[in-house]
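These notes concern the structure reproduced below.
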Amino acid sequence: MRLLLVEDEVQLRDLVQRSLARSGFTVDAVGEVGDAQAALAASRYDVIVLDLGLPDGDGLTLLRELRSRRDATPVLVLTARDGVDDRVEGLNSGADDYLLKPFAMPELIARLKALLRRPSGALGLVLEAGNISFDTVGRALTIGGKPVSLTPREMALLENLLRRAGRVVPKTYLEERIYGFDDEVTPNSLEVLLHRLRKKLEGSQFSGEIHTVRGVGYLLAETGR
């Protein structure tokens, strides 16, 4: 799940970015409206966390721009503006949820997951293929009923393959969904990550396989063994 965090308070932005990354999100974090517009033009996001008081403009302006071009990406407004009129304006401008500062990080994560569980959202409750079962909300993986531990990035790769099981997933798509703007990515980063994931799945007796389609991408297939 790729998330855009728009927050100008550096310490808060770094704290939220780290916490969200530990919860399985790939996070791009920016501090201005202009940078957010550039990020939205370059990438597709599953959800946006948006502060309102930004150095180069109001977050509501960005929100209205999104909705005016029929972009339905869920937006959670994160702000210190606590007046009823402010909340009403934010919701009327197209916000899907509204969380006041200061806030508890578990509540932010829970609210984001609730948004992503809505119809057409990024979170289905459970993804299954062969003897694998992946809880996208609790971020828990079992193979043959036994729990399996993966790193957040391995889990993100597996989730994207599971969502398109039986279909080839382009390498470029996976790189976009797994790595953020600030991540150091080498030409073989994805291959190294995939190698680690394959070893863990094979060691846990996964009943399927991840095939490499040279020059295109990867395919998760059930073998029925």
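Just remember, in the structure tokens the first chain shown is A, the second B, etc., residues are 1-based per chain, and ligands are 1-based in the order shown.
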
Could you pull the residues within 9 Å of stretch 32-43 of chain A, counting only C-alpha atoms, minus those fewer than 5 positions along the same chain, as a PyMOL selection string? chain A and resi 4-8+54-59+61-62+176+181

Mind checking DSSP for stretch 28-134 of chain A and telling me the helix (DSSP H, G or I) residues as a ChimeraX atom specification? /A:33-42,59-68,84-92,105-116

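Using only C-alpha atoms, the residues found no farther than 10 Å from A:Gln17, other than those of its own chain fewer than 6 positions away, are Leu3, Leu4, Leu5, Gln11, Ser23, Phe25, Thr26, Val27, Asp28 and Ala29 of chain A.
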
How would you write, as a PyMOL selection string, the set of residues in stretch 8-204 of chain A that DSSP gives as strand (DSSP E)? chain A and resi 26-30+47-50+53-54+57-58+75-79+97-100+126-129+132-135+140-143+146-148+168-170

Counting only C-alpha atoms, what is within 9 Å of A:Ser149, bar same-chain residues fewer than 5 positions away, as JSON, numbers by chain? {"A": [140, 141, 142, 155, 200]}

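Pairwise distance (atom CA of A:Leu91, atom CA of A:Arg70) equals 15.7 Å.
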
Give me the residues within 12 Å of A:Lys146 as a PyMOL selection string, counting only C-alpha atoms and dropping any in the same chain fewer than 5 places off. chain A and resi 131-134+140-141+201+203-206

Using all heavy atoms, can you write the selected residues to a file as a CSV table (one decimal), in the first residue's frame?
chain,number,residue,atom,x,y,z
A,131,ASN,N,-2.0,-22.8,-0.3
A,131,ASN,CA,-2.1,-23.0,1.2
A,131,ASN,C,-1.7,-21.8,1.9
A,131,ASN,O,-1.4,-21.8,3.1
A,131,ASN,CB,-1.3,-24.2,1.6
A,131,ASN,CG,0.2,-24.0,1.4
A,131,ASN,OD1,0.6,-23.2,0.6
A,131,ASN,ND2,1.0,-24.9,2.0
A,132,ILE,N,-1.6,-20.6,1.2
A,132,ILE,CA,-1.2,-19.4,1.8
A,132,ILE,C,-2.4,-18.5,2.2
A,132,ILE,O,-3.4,-18.5,1.5
A,132,ILE,CB,-0.2,-18.6,0.9
A,132,ILE,CG1,0.7,-17.7,1.7
A,132,ILE,CG2,-1.0,-17.8,-0.1
A,132,ILE,CD1,1.8,-17.2,0.8
A,133,SER,N,-2.3,-17.9,3.3
A,133,SER,CA,-3.4,-17.0,3.8
A,133,SER,C,-2.8,-15.7,4.3
A,133,SER,O,-1.9,-15.8,5.3
A,133,SER,CB,-4.3,-17.6,4.8
A,133,SER,OG,-5.3,-16.8,5.2
A,134,PHE,N,-3.1,-14.6,3.8
A,134,PHE,CA,-2.5,-13.3,4.2
A,134,PHE,C,-3.6,-12.3,4.6
A,134,PHE,O,-4.5,-11.9,3.9
A,134,PHE,CB,-1.7,-12.7,3.0
A,134,PHE,CG,-1.1,-11.4,3.3
A,134,PHE,CD1,-0.1,-11.3,4.3
A,134,PHE,CD2,-1.5,-10.2,2.7
A,134,PHE,CE1,0.5,-10.1,4.6
A,134,PHE,CE2,-0.9,-9.0,2.9
A,134,PHE,CZ,0.1,-9.0,3.9
A,140,ALA,N,-0.7,-10.4,8.9
A,140,ALA,CA,-0.3,-11.7,9.4
A,140,ALA,C,-0.4,-12.7,8.2
A,140,ALA,O,-1.3,-12.7,7.5
A,140,ALA,CB,-1.2,-12.1,10.5
A,141,LEU,N,0.7,-13.5,8.1
A,141,LEU,CA,0.8,-14.5,7.1
A,141,LEU,C,0.8,-15.9,7.7
A,141,LEU,O,1.6,-16.2,8.6
A,141,LEU,CB,2.1,-14.3,6.3
A,141,LEU,CG,2.4,-15.4,5.2
A,141,LEU,CD1,1.4,-15.4,4.1
A,141,LEU,CD2,3.8,-15.1,4.7
A,201,LEU,N,9.3,-18.7,1.6
A,201,LEU,CA,8.1,-19.4,1.2
A,201,LEU,C,8.4,-20.9,1.0
A,201,LEU,O,7.6,-21.8,1.4
A,201,LEU,CB,7.5,-18.8,-0.1
A,201,LEU,CG,7.0,-17.4,0.0
A,201,LEU,CD1,6.3,-16.9,-1.3
A,201,LEU,CD2,6.0,-17.2,1.2
A,203,GLY,N,10.8,-22.6,2.3
A,203,GLY,CA,11.1,-23.2,3.6
A,203,GLY,C,9.9,-23.4,4.5
A,203,GLY,O,9.9,-24.3,5.4
A,204,SER,N,8.8,-22.7,4.1
A,204,SER,CA,7.5,-22.9,4.9
A,204,SER,C,6.6,-23.8,4.1
A,204,SER,O,5.4,-23.9,4.4
A,204,SER,CB,6.9,-21.6,5.1
A,204,SER,OG,7.7,-20.7,5.9
A,205,GLN,N,7.0,-24.4,3.0
A,205,GLN,CA,6.3,-25.4,2.2
A,205,GLN,C,5.0,-24.8,1.5
A,205,GLN,O,4.0,-25.3,1.5
A,205,GLN,CB,5.9,-26.6,3.0
A,205,GLN,CG,7.1,-27.4,3.6
A,205,GLN,CD,6.7,-28.6,4.3
A,205,GLN,OE1,5.7,-28.6,5.1
A,205,GLN,NE2,7.5,-29.7,4.2
A,206,PHE,N,5.3,-23.6,1.0
A,206,PHE,CA,4.2,-22.9,0.2
A,206,PHE,C,3.9,-23.8,-1.0
A,206,PHE,O,4.8,-24.4,-1.7
A,206,PHE,CB,4.7,-21.6,-0.3
A,206,PHE,CG,3.8,-20.9,-1.3
A,206,PHE,CD1,2.4,-20.9,-1.1
A,206,PHE,CD2,4.3,-20.2,-2.4
A,206,PHE,CE1,1.6,-20.2,-2.0
A,206,PHE,CE2,3.5,-19.6,-3.3
A,206,PHE,CZ,2.1,-19.6,-3.1
